[in-house]
file work_29.txt (compact mmCIF, C-alpha atoms and all ligand atoms)
# COMPACT_ATOMS: atom_id res chain seq x y z
CA MET A 1 5.20 2.01 16.28
CA THR A 2 4.43 -0.68 13.80
CA GLN A 3 7.06 -3.12 12.64
CA ALA A 4 7.64 -5.31 9.65
CA MET A 5 6.02 -8.70 9.78
CA PRO A 6 8.00 -11.19 11.89
CA ASP A 7 9.71 -13.94 9.92
CA ASP A 8 7.89 -16.81 11.62
CA LEU A 9 4.56 -15.25 10.69
CA TRP A 10 5.75 -15.06 7.10
CA ARG A 11 6.95 -18.67 7.08
CA ASP A 12 3.70 -19.78 8.63
CA PHE A 13 1.53 -18.04 6.04
CA PRO A 14 -0.83 -20.28 4.03
CA LYS A 15 0.67 -21.54 0.78
CA THR A 16 -2.46 -22.63 -1.04
CA ALA A 17 -5.97 -21.33 -1.51
CA THR A 18 -7.36 -24.14 0.66
CA GLU A 19 -4.94 -23.35 3.46
CA PHE A 20 -5.81 -19.67 3.18
CA GLU A 21 -9.53 -20.34 3.52
CA ALA A 22 -8.97 -22.58 6.53
CA ARG A 23 -6.57 -20.19 8.24
CA PHE A 24 -8.78 -17.12 7.79
CA ALA A 25 -12.18 -18.75 8.17
CA THR A 26 -13.51 -16.39 10.83
CA GLU A 27 -13.19 -12.74 11.82
CA ALA A 28 -11.36 -13.87 14.97
CA ASP A 29 -8.77 -15.69 12.81
CA CYS A 30 -8.15 -12.55 10.78
CA ARG A 31 -7.90 -10.35 13.87
CA ALA A 32 -5.42 -12.73 15.51
CA TYR A 33 -3.26 -12.58 12.40
CA TRP A 34 -3.57 -8.79 12.18
CA ILE A 35 -2.56 -8.45 15.84
CA ALA A 36 0.39 -10.77 15.27
CA ALA A 37 1.52 -8.78 12.23
CA ARG A 38 1.02 -5.40 13.86
CA TRP A 39 2.02 -5.94 17.49
CA GLY A 40 3.75 -9.31 17.49
CA GLY A 41 0.62 -10.79 19.03
CA GLU A 42 0.26 -8.42 21.99
CA PRO A 43 -1.68 -5.21 21.28
CA ALA A 44 -0.27 -2.08 22.87
CA CYS A 45 -1.98 1.18 23.76
CA ALA A 46 -1.32 3.79 21.06
CA ARG A 47 -0.90 6.48 23.73
CA CYS A 48 1.11 4.97 26.60
CA ARG A 49 2.40 1.71 25.03
CA SER A 50 0.96 -0.37 27.85
CA THR A 51 -0.03 -3.90 26.87
CA ARG A 52 -2.60 -4.08 29.67
CA VAL A 53 -5.63 -3.73 27.42
CA TRP A 54 -9.01 -5.35 26.92
CA THR A 55 -11.14 -5.53 23.85
CA ILE A 56 -14.34 -3.56 23.45
CA ARG A 57 -16.78 -2.80 20.63
CA ASP A 58 -17.12 -6.33 19.47
CA GLY A 59 -13.36 -6.80 19.28
CA THR A 60 -12.61 -3.98 16.84
CA THR A 61 -11.08 -1.76 19.54
CA PHE A 62 -9.19 -2.23 22.76
CA GLU A 63 -9.09 -0.02 25.79
CA CYS A 64 -6.00 0.64 27.90
CA ALA A 65 -6.18 -0.39 31.56
CA GLU A 66 -3.54 2.22 32.46
CA CYS A 67 -4.74 5.37 30.74
CA GLY A 68 -8.16 4.51 29.35
CA HIS A 69 -7.18 5.36 25.78
CA GLN A 70 -9.02 3.43 23.09
CA THR A 71 -7.07 2.08 20.11
CA SER A 72 -8.75 0.59 17.08
CA LEU A 73 -7.18 -2.43 15.42
CA THR A 74 -6.87 -0.53 12.18
CA SER A 75 -6.09 3.04 13.31
CA GLY A 76 -2.81 4.31 11.92
CA THR A 77 -2.84 1.73 9.10
CA LEU A 78 -4.05 1.72 5.51
CA LEU A 79 -7.31 0.21 6.78
CA GLU A 80 -8.01 3.02 9.25
CA LYS A 81 -11.73 3.78 9.65
CA THR A 82 -12.86 0.76 7.68
CA ARG A 83 -16.31 -0.36 8.76
CA LYS A 84 -16.03 -3.70 7.04
CA PRO A 85 -14.78 -6.88 8.74
CA LEU A 86 -11.11 -7.77 8.33
CA LYS A 87 -12.27 -11.06 6.85
CA MET A 88 -13.61 -9.16 3.84
CA TRP A 89 -10.32 -7.31 3.46
CA PHE A 90 -8.37 -10.57 3.67
CA ARG A 91 -10.66 -11.99 1.02
CA ALA A 92 -10.01 -8.98 -1.25
CA VAL A 93 -6.26 -9.27 -0.64
CA PHE A 94 -6.49 -12.91 -1.62
CA GLU A 95 -8.30 -12.05 -4.86
CA ILE A 96 -5.92 -9.30 -5.90
CA SER A 97 -2.82 -11.29 -4.96
CA THR A 98 -3.56 -14.65 -6.50
CA ARG A 99 -4.69 -13.56 -9.93
CA ARG A 100 -1.61 -13.24 -12.03
CA THR A 101 -3.15 -10.45 -14.03
CA GLY A 102 -4.74 -8.60 -11.15
CA ILE A 103 -8.28 -7.43 -10.95
CA SER A 104 -10.41 -4.48 -12.03
CA ALA A 105 -12.70 -2.47 -9.76
CA LYS A 106 -15.67 -4.00 -11.61
CA ASP A 107 -14.41 -7.52 -10.91
CA LEU A 108 -13.84 -6.70 -7.26
CA GLN A 109 -17.32 -5.21 -6.96
CA ARG A 110 -18.84 -8.41 -8.33
CA ILE A 111 -16.70 -10.79 -6.26
CA MET A 112 -17.22 -8.93 -2.99
CA GLY A 113 -20.87 -8.13 -3.68
CA PHE A 114 -20.40 -4.39 -3.12
CA GLY A 115 -23.40 -2.19 -3.85
CA SER A 116 -21.30 0.56 -5.35
CA TYR A 117 -18.49 0.77 -7.83
CA LYS A 118 -16.99 3.59 -5.75
CA THR A 119 -16.48 1.27 -2.78
CA ALA A 120 -14.73 -1.29 -4.97
CA TRP A 121 -12.61 1.47 -6.50
CA SER A 122 -11.45 2.82 -3.13
CA TRP A 123 -10.68 -0.70 -1.85
CA LEU A 124 -8.63 -1.42 -4.90
CA HIS A 125 -6.67 1.80 -4.53
CA LYS A 126 -5.85 1.01 -0.91
CA LEU A 127 -4.77 -2.49 -1.87
CA ARG A 128 -2.73 -1.05 -4.70
CA ALA A 129 -1.04 1.34 -2.28
CA ALA A 130 -0.08 -1.76 -0.28
CA MET A 131 1.62 -3.14 -3.37
CA VAL A 132 4.43 -0.60 -3.26
CA ARG A 133 7.29 -1.41 -0.97
CA PRO A 134 9.01 1.72 0.27
CA ASP A 135 12.37 0.09 0.96
CA ARG A 136 13.14 -1.03 -2.54
CA GLU A 137 16.72 -1.81 -3.47
CA PRO A 138 17.91 -0.02 -6.60
CA LEU A 139 18.29 -2.12 -9.73
CA GLY A 140 21.61 -3.59 -10.79
CA PRO A 141 24.14 -4.71 -11.81
CA PHE A 142 22.98 -4.80 -15.46
CA VAL A 143 20.11 -2.49 -16.29
CA GLU A 144 18.28 -1.58 -19.49
CA MET A 145 16.49 1.77 -19.67
CA ASP A 146 13.87 2.81 -22.17
CA GLU A 147 10.61 4.72 -22.51
CA ALA A 148 7.16 3.82 -23.78
CA LEU A 149 3.90 5.54 -24.63
CA VAL A 150 0.90 3.84 -23.10
CA GLY A 151 -2.85 4.31 -22.76
CA GLY A 152 -5.16 6.58 -24.69
CA LYS A 153 -6.79 5.31 -27.81
CA GLY A 154 -4.86 6.83 -30.69
CA GLY A 155 -1.89 9.14 -30.54
CA PRO A 156 -2.35 12.38 -28.63
CA ASN A 157 -3.59 11.01 -25.29
CA LYS A 158 -0.77 8.62 -24.72
CA GLU A 159 1.28 8.92 -21.54
CA LEU A 160 5.02 8.63 -21.22
CA VAL A 161 6.37 5.83 -19.03
CA LEU A 162 10.04 5.45 -18.10
CA VAL A 163 11.22 1.87 -17.83
CA ALA A 164 14.26 0.42 -16.06
CA ALA A 165 14.76 -3.35 -16.10
CA GLU A 166 17.37 -5.76 -14.82
CA ALA A 167 18.25 -8.44 -17.34
CA GLY A 168 15.70 -11.17 -16.55
CA GLY A 169 14.90 -9.56 -13.21
CA ARG A 170 13.04 -6.70 -11.59
CA VAL A 171 11.54 -3.65 -13.27
CA ARG A 172 10.69 -0.10 -12.24
CA LEU A 173 8.20 2.11 -14.04
CA ALA A 174 7.58 5.82 -13.72
CA HIS A 175 4.93 8.02 -15.25
CA ALA A 176 6.70 11.14 -16.50
CA ASP A 177 5.96 14.33 -18.38
CA THR A 178 9.10 14.20 -20.43
CA ASN A 179 12.30 12.27 -21.00
CA ASP A 180 14.72 15.14 -20.69
CA GLU A 181 18.05 14.78 -18.86
CA ALA A 182 16.78 16.11 -15.52
CA THR A 183 13.84 13.70 -15.48
CA LEU A 184 15.97 10.71 -16.45
CA GLU A 185 18.55 11.71 -13.86
CA ARG A 186 15.92 11.70 -11.15
CA PHE A 187 14.52 8.37 -12.32
CA ALA A 188 17.94 6.70 -12.50
CA GLY A 189 18.93 8.30 -9.19
CA GLY A 190 16.03 6.69 -7.39
CA GLN A 191 15.85 3.35 -9.17
CA VAL A 192 19.20 2.36 -10.64
CA ALA A 193 22.24 1.51 -8.50
CA ALA A 194 25.08 4.03 -8.77
CA ASP A 195 27.50 1.31 -9.95
CA ALA A 196 25.11 -0.36 -12.41
CA ARG A 197 25.97 -0.81 -16.07
CA VAL A 198 23.28 0.72 -18.21
CA VAL A 199 22.20 -0.05 -21.77
CA THR A 200 19.94 2.36 -23.66
CA ASP A 201 19.02 3.21 -27.20
CA GLY A 202 20.51 6.27 -28.87
CA LEU A 203 18.32 8.88 -27.17
CA ALA A 204 20.59 11.86 -26.49
CA SER A 205 19.28 12.57 -22.99
CA TYR A 206 20.82 9.31 -21.75
CA ASN A 207 24.24 10.78 -21.08
CA GLU A 208 26.74 11.67 -18.37
CA GLN A 209 24.40 14.18 -16.83
CA SER A 210 21.43 11.85 -16.50
CA LEU A 211 23.35 8.63 -15.78
CA GLY A 212 26.28 10.01 -13.81
CA GLU A 213 29.14 7.62 -13.15
CA ARG A 214 27.29 4.55 -14.34
CA ARG A 215 28.93 2.79 -17.27
CA HIS A 216 26.71 3.43 -20.23
CA GLN A 217 26.36 1.74 -23.57
CA ALA A 218 24.09 3.43 -26.13
CA ILE A 219 23.09 0.93 -28.81
CA VAL A 220 21.39 2.12 -31.97
CA GLN A 221 19.78 -0.77 -33.83
CA SER A 222 17.95 -1.14 -37.11
CA LYS A 223 14.70 -3.10 -37.12
CA ALA A 224 16.48 -6.08 -38.63
CA GLU A 225 19.24 -5.96 -36.02
CA ARG A 226 16.67 -5.75 -33.26
CA ARG A 227 14.84 -8.78 -34.62
CA ALA A 228 18.09 -10.73 -34.59
CA LYS A 229 19.21 -9.63 -31.12
CA ASP A 230 17.31 -6.93 -29.30
CA ALA A 231 19.67 -4.93 -27.04
CA LEU A 232 16.70 -3.77 -24.93
CA GLN A 233 14.84 -7.07 -24.93
CA THR A 234 13.81 -7.00 -21.26
CA CYS A 235 12.43 -3.46 -21.54
CA HIS A 236 10.57 -4.23 -24.74
CA TRP A 237 9.14 -7.42 -23.25
CA THR A 238 8.06 -5.55 -20.11
CA ILE A 239 6.43 -2.79 -22.14
CA SER A 240 4.44 -5.23 -24.24
CA LEU A 241 3.25 -7.09 -21.12
CA LEU A 242 2.33 -3.77 -19.51
CA LYS A 243 0.30 -2.66 -22.52
CA ARG A 244 -1.46 -5.99 -22.69
CA TRP A 245 -2.26 -5.82 -18.97
CA LEU A 246 -3.66 -2.29 -19.19
CA LEU A 247 -5.82 -3.30 -22.13
CA GLY A 248 -6.81 -6.71 -20.80
CA THR A 249 -7.45 -6.42 -17.08
CA HIS A 250 -8.32 -2.74 -17.13
CA ALA A 251 -9.83 -2.48 -20.61
CA GLY A 252 -7.54 0.45 -21.37
CA ALA A 253 -9.55 2.57 -18.94
CA VAL A 254 -6.62 3.90 -16.90
CA GLY A 255 -6.50 7.70 -16.83
CA PRO A 256 -3.28 9.69 -16.46
CA LYS A 257 -4.19 10.71 -12.91
CA TYR A 258 -3.82 7.21 -11.50
CA LEU A 259 -1.44 5.71 -14.02
CA GLN A 260 1.45 5.58 -11.53
CA ALA A 261 -0.61 3.49 -9.11
CA TYR A 262 -1.25 0.97 -11.88
CA LEU A 263 2.40 0.99 -12.89
CA ASP A 264 3.34 0.23 -9.27
CA GLU A 265 0.92 -2.67 -9.15
CA PHE A 266 2.23 -4.03 -12.42
CA ALA A 267 5.85 -3.80 -11.21
CA PHE A 268 4.94 -5.41 -7.87
CA ARG A 269 3.38 -8.38 -9.63
CA HIS A 270 6.01 -8.58 -12.30
CA ASN A 271 8.84 -8.54 -9.76
CA ARG A 272 7.21 -11.42 -7.92
CA ARG A 273 6.34 -13.49 -10.94
CA LYS A 274 8.70 -16.25 -9.83
CA THR A 275 7.35 -16.37 -6.27
CA LYS A 276 6.29 -19.92 -5.50
CA GLY A 277 2.64 -19.96 -4.50
CA THR A 278 1.00 -16.67 -5.40
CA VAL A 279 -0.87 -16.87 -2.09
CA ARG A 280 2.33 -15.74 -0.38
CA ILE A 281 2.09 -12.44 -2.21
CA ALA A 282 -0.99 -11.92 -0.05
CA ALA A 283 1.23 -12.04 3.05
CA ARG A 284 3.25 -9.11 1.71
CA VAL A 285 0.12 -7.15 0.89
CA ILE A 286 -1.29 -7.68 4.39
CA GLU A 287 2.06 -6.70 5.86
CA GLN A 288 1.93 -3.42 3.96
CA LEU A 289 -1.69 -2.81 4.98
CA VAL A 290 -0.44 -3.04 8.56
CA VAL A 291 2.69 -0.92 8.30
CA ARG A 292 1.63 1.79 5.87
CA ALA A 293 0.05 5.00 7.10
CA PRO A 294 -3.61 5.72 6.37
CA LEU A 295 -4.58 6.88 2.91
CA PRO A 296 -7.81 8.85 3.20
CA MET A 297 -10.31 9.03 0.36
CA ARG A 298 -9.30 12.65 -0.24
CA THR A 299 -5.72 11.59 -0.88
CA LEU A 300 -6.85 8.84 -3.21
CA ILE A 301 -8.77 11.35 -5.24
CA ASP A 302 -6.08 14.05 -5.23
CA ALA A 303 -3.19 11.66 -5.60
CA THR A 304 -1.72 13.47 -8.57
CA PRO A 305 1.31 15.18 -6.99
CA ARG A 306 2.63 11.97 -5.47
CA TYR A 307 2.39 10.25 -8.81
CA ARG A 308 4.31 12.94 -10.60
CA TRP A 309 7.54 12.55 -8.71
CA PHE A 310 9.51 12.26 -11.84
CA ALA A 311 7.92 15.18 -13.59
CA SER A 312 10.30 17.80 -14.84
CA ASP A 313 8.32 20.44 -12.95
CA HIS A 314 10.76 21.18 -10.13
CA ARG A 315 8.08 22.63 -7.88
CA VAL A 316 6.67 19.15 -7.48
CA ALA A 317 9.73 17.46 -6.28
CA GLY A 318 11.74 18.46 -3.29
CA LEU A 319 13.61 15.45 -4.60
CA SER A 320 16.89 16.08 -6.27
ZN ZN A 401 -2.63 3.61 27.59
call {"tool": "encode", "arguments": {"input": "work_29.txt", "output": "C-alpha cells"}}
result
Amino acid sequence: MTQAMPDDLWRDFPKTATEFEARFATEADCRAYWIAARWGGEPACARCRSTRVWTIRDGTTFECAECGHQTSLTSGTLLEKTRKPLKMWFRAVFEISTRRTGISAKDLQRIMGFGSYKTAWSWLHKLRAAMVRPDREPLGPFVEMDEALVGGKGGPNKELVLVAAEAGGRVRLAHADTNDEATLERFAGGQVAADARVVTDGLASYNEQSLGERRHQAIVQSKAERRAKDALQTCHWTISLLKRWLLGTHAGAVGPKYLQAYLDEFAFRHNRRKTKGTVRIAARVIEQLVVRAPLPMRTLIDATPRYRWFASDHRVAGLS
C-alpha cells in the first residue's frame, strides 16, 4: 500500500527553482525521490511485500528475489504505464505548480516539446487529477455560499457553478445542473462543516432543508448596499478570479465535460495562494501522483459522471 509523503521528505523539498533543478537534475534523482515518497526509500514487491528486490529494465522496474514478481515504479499510481522519464514528469509538475495562473495544454506542449497536443492534454489532466486532495476538511466556521454562471460565450451555454468560501480562506467549487434544495444540500453536506455559520443571498433554496442545522443568514442587498459592504464579498471575489482565469489561461475554451477538473485546479491553487514558495506546491502534486490510483485515458475521456457528483440526477450519485 502506498502512504502519504513522510514529513521529512516534505521539509526537505526544494524551496526555489534553482534548488529544484539541482535536486532533480537526473533521472536517478527523480527515481530516488519517487521511491522515498512511495515506499519510504525501500521499494517493496507489489505481490509479496518483500523488500529483497533488484532493479531491471534500466531502473524502471524491480524484480522480487522471493517470488520473482516484477513491479514497475509507477504501477498503481497516476503515472502508471507512462513511457516518459520521471524527470519529464517532475519538470511538468514544476511548470504547473509554480505558475500562479496555471498552464494550458498548448503551453505545456510547447514547454515540454511534445509532438502532439493530445499528449499535452492527457498529461495536464493527470496533473490536474493530482491537484485534488481527497481528505479535505469541510469549510468553516464562517462560510459564504453563492452560485455563478461561467463559460460559454453569450448566455445559453453558460454552466452553473456552486461556490462555498470561508471568509478570507479556502473555497470549494462544484459544477452543477441546478441550484435546487437537494443539490445545495449535497454540496453543503460534502463541503461545509455541520456547525458552520452560513451567509447567502435571498435564494429560496438556501433553507433548513439544504443547510440543515447550520446557522443561516440570508442577506438581500441592493446594488448600492453591495457596493458599500458586500455580504458575499469572498464569493464574488472568487467568482471574478475564476472567470478571469478561465478566460486568461484557458482562453475560455473549457467545455462542460471537464469543467469540474478545472474548478478543482482553481480551488487547489486558490487555497494555496499564501503558501510560501510556490515550488512547495510541487511537492504536494508529486505526493498525489504517488498515492492516487491510475487514471487511464478512457477515464479521462469519459470523466463526466465523476464530475457530476452534485447533479440533481439521483441516478448519478449513490451519495446522499
Ligand atoms: Zn515478491
call {"tool": "residues_around", "arguments": {"input": "work_29.txt", "residues": "Arg292 of chain A", "least_positions_apart": "6", "cutoff": "8 Å", "atoms": "only C-alpha atoms", "output": "number ranges by chain"}}
result
A: 76-78, 130
call {"tool": "residues_near_ligand", "arguments": {"input": "work_29.txt", "ligand": "ligand ZN 401 (chain A)", "cutoff": "7 Å", "atoms": "only C-alpha atoms and all ligand atoms", "output": "list in words"}}
result
Cys45, Ala46, Arg47, Cys48, Arg49, Ser50, Cys64, Ala65, Glu66, Cys67, Gly68 and His69 of chain A
call {"tool": "residues_around", "arguments": {"input": "work_29.txt", "residues": "Leu124 of chain A", "least_positions_apart": "2", "cutoff": "8 Å", "atoms": "all atoms listed in the file", "output": "list in words"}}
result
Ser104, Ala105, Leu108, Ala120, Trp121, Ser122, Lys126, Leu127 and Arg128 of chain A
call {"tool": "write_last_selection", "arguments": {"input": "work_29.txt", "atoms": "C-alpha atoms", "output": "mmCIF file, in the coordinates of the input"}}
result
data_model
loop_
_atom_site.group_PDB
_atom_site.id
_atom_site.type_symbol
_atom_site.label_atom_id
_atom_site.label_comp_id
_atom_site.auth_asym_id
_atom_site.auth_seq_id
_atom_site.Cartn_x
_atom_site.Cartn_y
_atom_site.Cartn_z
ATOM 1 C CA SER A 104 -10.410 -4.480 -12.030
ATOM 2 C CA ALA A 105 -12.700 -2.470 -9.760
ATOM 3 C CA LEU A 108 -13.840 -6.700 -7.260
ATOM 4 C CA ALA A 120 -14.730 -1.290 -4.970
ATOM 5 C CA TRP A 121 -12.610 1.470 -6.500
ATOM 6 C CA SER A 122 -11.450 2.820 -3.130
ATOM 7 C CA LYS A 126 -5.850 1.010 -0.910
ATOM 8 C CA LEU A 127 -4.770 -2.490 -1.870
ATOM 9 C CA ARG A 128 -2.730 -1.050 -4.700
#
call {"tool": "atom_distance", "arguments": {"input": "work_29.txt", "atom1": "atom CA of Ile219 of chain A", "atom2": "atom CA of Ala148 of chain A"}}
result
17.0 Å
call {"tool": "residues_around", "arguments": {"input": "work_29.txt", "residues": "Pro85 of chain A", "least_positions_apart": "4", "cutoff": "10 Å", "atoms": "all atoms listed in the file", "output": "PyMOL selection string"}}
result
chain A and resi 26-28+30-31+60+89-90
call {"tool": "write_last_selection", "arguments": {"input": "work_29.txt", "atoms": "C-alpha atoms", "output": "PDB file, in the coordinates of the input"}}
result
ATOM      1  CA  THR A  26     -13.510 -16.390  10.830  1.00  0.00           C
ATOM      2  CA  GLU A  27     -13.190 -12.740  11.820  1.00  0.00           C
ATOM      3  CA  ALA A  28     -11.360 -13.870  14.970  1.00  0.00           C
ATOM      4  CA  CYS A  30      -8.150 -12.550  10.780  1.00  0.00           C
ATOM      5  CA  ARG A  31      -7.900 -10.350  13.870  1.00  0.00           C
ATOM      6  CA  THR A  60     -12.610  -3.980  16.840  1.00  0.00           C
ATOM      7  CA  TRP A  89     -10.320  -7.310   3.460  1.00  0.00           C
ATOM      8  CA  PHE A  90      -8.370 -10.570   3.670  1.00  0.00           C
TER       9      PHE A  90
END
call {"tool": "atom_distance", "arguments": {"input": "work_29.txt", "atom1": "atom CA of Gly190 of chain A", "atom2": "atom CA of Glu147 of chain A"}}
result
16.2 Å
call {"tool": "closest_atom_pairs", "arguments": {"input": "work_29.txt", "of": "segment 107-175 of chain A", "to": "segment 246-266 of chain A", "cutoff": "12 Å", "atoms": "all atoms listed in the file", "output": "CSV"}}
result
residue,atom,partner,partner_atom,distance
A:Asp107,CA,A:Thr249,CA,9.4
A:Leu108,CA,A:Thr249,CA,11.7
A:Trp121,CA,A:Tyr258,CA,11.6
A:Leu124,CA,A:Ala261,CA,10.3
A:His125,CA,A:Ala261,CA,7.8
A:Lys126,CA,A:Ala261,CA,10.0
A:Leu127,CA,A:Glu265,CA,9.2
A:Arg128,CA,A:Glu265,CA,6.0
A:Ala129,CA,A:Ala261,CA,7.2
A:Ala130,CA,A:Glu265,CA,9.0
A:Met131,CA,A:Glu265,CA,5.8
A:Val132,CA,A:Asp264,CA,6.2
A:Arg133,CA,A:Asp264,CA,9.3
A:Pro134,CA,A:Asp264,CA,11.2
A:Arg136,CA,A:Asp264,CA,12.0
A:Leu149,CA,A:Pro256,CA,11.6
A:Val150,CA,A:Leu246,CA,8.6
A:Gly151,CA,A:Gly252,CA,6.2
A:Gly152,CA,A:Gly252,CA,7.4
A:Lys153,CA,A:Gly252,CA,8.1
A:Gly154,CA,A:Gly252,CA,11.6
A:Asn157,CA,A:Pro256,CA,8.9
A:Lys158,CA,A:Pro256,CA,8.7
A:Glu159,CA,A:Pro256,CA,6.9
A:Leu160,CA,A:Pro256,CA,9.6
A:Val161,CA,A:Leu263,CA,8.8
A:Leu162,CA,A:Leu263,CA,10.3
A:Val163,CA,A:Leu263,CA,10.1
A:Arg170,CA,A:Phe266,CA,11.2
A:Val171,CA,A:Phe266,CA,9.4
A:Arg172,CA,A:Asp264,CA,7.9
A:Leu173,CA,A:Leu263,CA,6.0
A:Ala174,CA,A:Gln260,CA,6.5
A:His175,CA,A:Gln260,CA,5.6
call {"tool": "write_last_selection", "arguments": {"input": "work_29.txt", "atoms": "C-alpha atoms", "output": "mmCIF file, in the coordinates of the input"}}
result
data_model
loop_
_atom_site.group_PDB
_atom_site.id
_atom_site.type_symbol
_atom_site.label_atom_id
_atom_site.label_comp_id
_atom_site.auth_asym_id
_atom_site.auth_seq_id
_atom_site.Cartn_x
_atom_site.Cartn_y
_atom_site.Cartn_z
ATOM 1 C CA ASP A 107 -14.410 -7.520 -10.910
ATOM 2 C CA LEU A 108 -13.840 -6.700 -7.260
ATOM 3 C CA TRP A 121 -12.610 1.470 -6.500
ATOM 4 C CA LEU A 124 -8.630 -1.420 -4.900
ATOM 5 C CA HIS A 125 -6.670 1.800 -4.530
ATOM 6 C CA LYS A 126 -5.850 1.010 -0.910
ATOM 7 C CA LEU A 127 -4.770 -2.490 -1.870
ATOM 8 C CA ARG A 128 -2.730 -1.050 -4.700
ATOM 9 C CA ALA A 129 -1.040 1.340 -2.280
ATOM 10 C CA ALA A 130 -0.080 -1.760 -0.280
ATOM 11 C CA MET A 131 1.620 -3.140 -3.370
ATOM 12 C CA VAL A 132 4.430 -0.600 -3.260
ATOM 13 C CA ARG A 133 7.290 -1.410 -0.970
ATOM 14 C CA PRO A 134 9.010 1.720 0.270
ATOM 15 C CA ARG A 136 13.140 -1.030 -2.540
ATOM 16 C CA LEU A 149 3.900 5.540 -24.630
ATOM 17 C CA VAL A 150 0.900 3.840 -23.100
ATOM 18 C CA GLY A 151 -2.850 4.310 -22.760
ATOM 19 C CA GLY A 152 -5.160 6.580 -24.690
ATOM 20 C CA LYS A 153 -6.790 5.310 -27.810
ATOM 21 C CA GLY A 154 -4.860 6.830 -30.690
ATOM 22 C CA ASN A 157 -3.590 11.010 -25.290
ATOM 23 C CA LYS A 158 -0.770 8.620 -24.720
ATOM 24 C CA GLU A 159 1.280 8.920 -21.540
ATOM 25 C CA LEU A 160 5.020 8.630 -21.220
ATOM 26 C CA VAL A 161 6.370 5.830 -19.030
ATOM 27 C CA LEU A 162 10.040 5.450 -18.100
ATOM 28 C CA VAL A 163 11.220 1.870 -17.830
ATOM 29 C CA ARG A 170 13.040 -6.700 -11.590
ATOM 30 C CA VAL A 171 11.540 -3.650 -13.270
ATOM 31 C CA ARG A 172 10.690 -0.100 -12.240
ATOM 32 C CA LEU A 173 8.200 2.110 -14.040
ATOM 33 C CA ALA A 174 7.580 5.820 -13.720
ATOM 34 C CA HIS A 175 4.930 8.020 -15.250
#
call {"tool": "axis_aligned_box", "arguments": {"input": "work_29.txt", "around": "segment 254-266 of chain A", "padding_each_side": "3 Å", "output": "lines of an AutoDock Vina configuration file"}}
result
center_x = -1.6
center_y = 3.3
center_z = -13.0
size_x = 16.0
size_y = 20.7
size_z = 13.8
call {"tool": "closest_residue", "arguments": {"input": "work_29.txt", "among": "A:Leu73, A:Leu232, A:Pro138, A:Lys223", "to": "Ala196 of chain A", "atoms": "all atoms listed in the file"}}
result
A:Pro138
call {"tool": "atom_distance", "arguments": {"input": "work_29.txt", "atom1": "atom CA of Asp58 of chain A", "atom2": "atom CA of Val285 of chain A"}}
result
25.4 Å
call {"tool": "residues_around", "arguments": {"input": "work_29.txt", "residues": "Leu203 of chain A", "least_positions_apart": "6", "cutoff": "10 Å", "atoms": "all atoms listed in the file", "output": "list in words"}}
result
Asp146, Glu147, Asn179, Asp180, Ala218, Ile219 and Val220 of chain A
call {"tool": "residues_around", "arguments": {"input": "work_29.txt", "residues": "segment 227-230 of chain A", "least_positions_apart": "6", "cutoff": "12 Å", "atoms": "only C-alpha atoms", "output": "count of residues only"}}
result
9
call {"tool": "decode", "arguments": {"input": "work_29.txt", "residues": "segment 81-97 of chain A", "atoms": "C-alpha atoms", "output": "mmCIF file, in the first residue's frame"}}
result
data_model
loop_
_atom_site.group_PDB
_atom_site.id
_atom_site.type_symbol
_atom_site.label_atom_id
_atom_site.label_comp_id
_atom_site.auth_asym_id
_atom_site.auth_seq_id
_atom_site.Cartn_x
_atom_site.Cartn_y
_atom_site.Cartn_z
ATOM 1 C CA LYS A 81 2.199 2.950 -17.893
ATOM 2 C CA THR A 82 3.989 6.195 -18.641
ATOM 3 C CA ARG A 83 6.787 5.672 -21.131
ATOM 4 C CA LYS A 84 8.363 9.020 -20.425
ATOM 5 C CA PRO A 85 11.145 9.570 -17.865
ATOM 6 C CA LEU A 86 10.127 10.727 -14.393
ATOM 7 C CA LYS A 87 12.374 13.721 -14.941
ATOM 8 C CA MET A 88 9.965 14.965 -17.601
ATOM 9 C CA TRP A 89 7.022 14.484 -15.256
ATOM 10 C CA PHE A 90 8.831 16.356 -12.485
ATOM 11 C CA ARG A 91 9.523 19.137 -14.948
ATOM 12 C CA ALA A 92 5.825 19.300 -15.899
ATOM 13 C CA VAL A 93 4.829 19.291 -12.221
ATOM 14 C CA PHE A 94 7.217 22.161 -11.669
ATOM 15 C CA GLU A 95 5.681 24.149 -14.530
ATOM 16 C CA ILE A 96 2.086 23.611 -13.469
ATOM 17 C CA SER A 97 2.823 24.253 -9.789
#
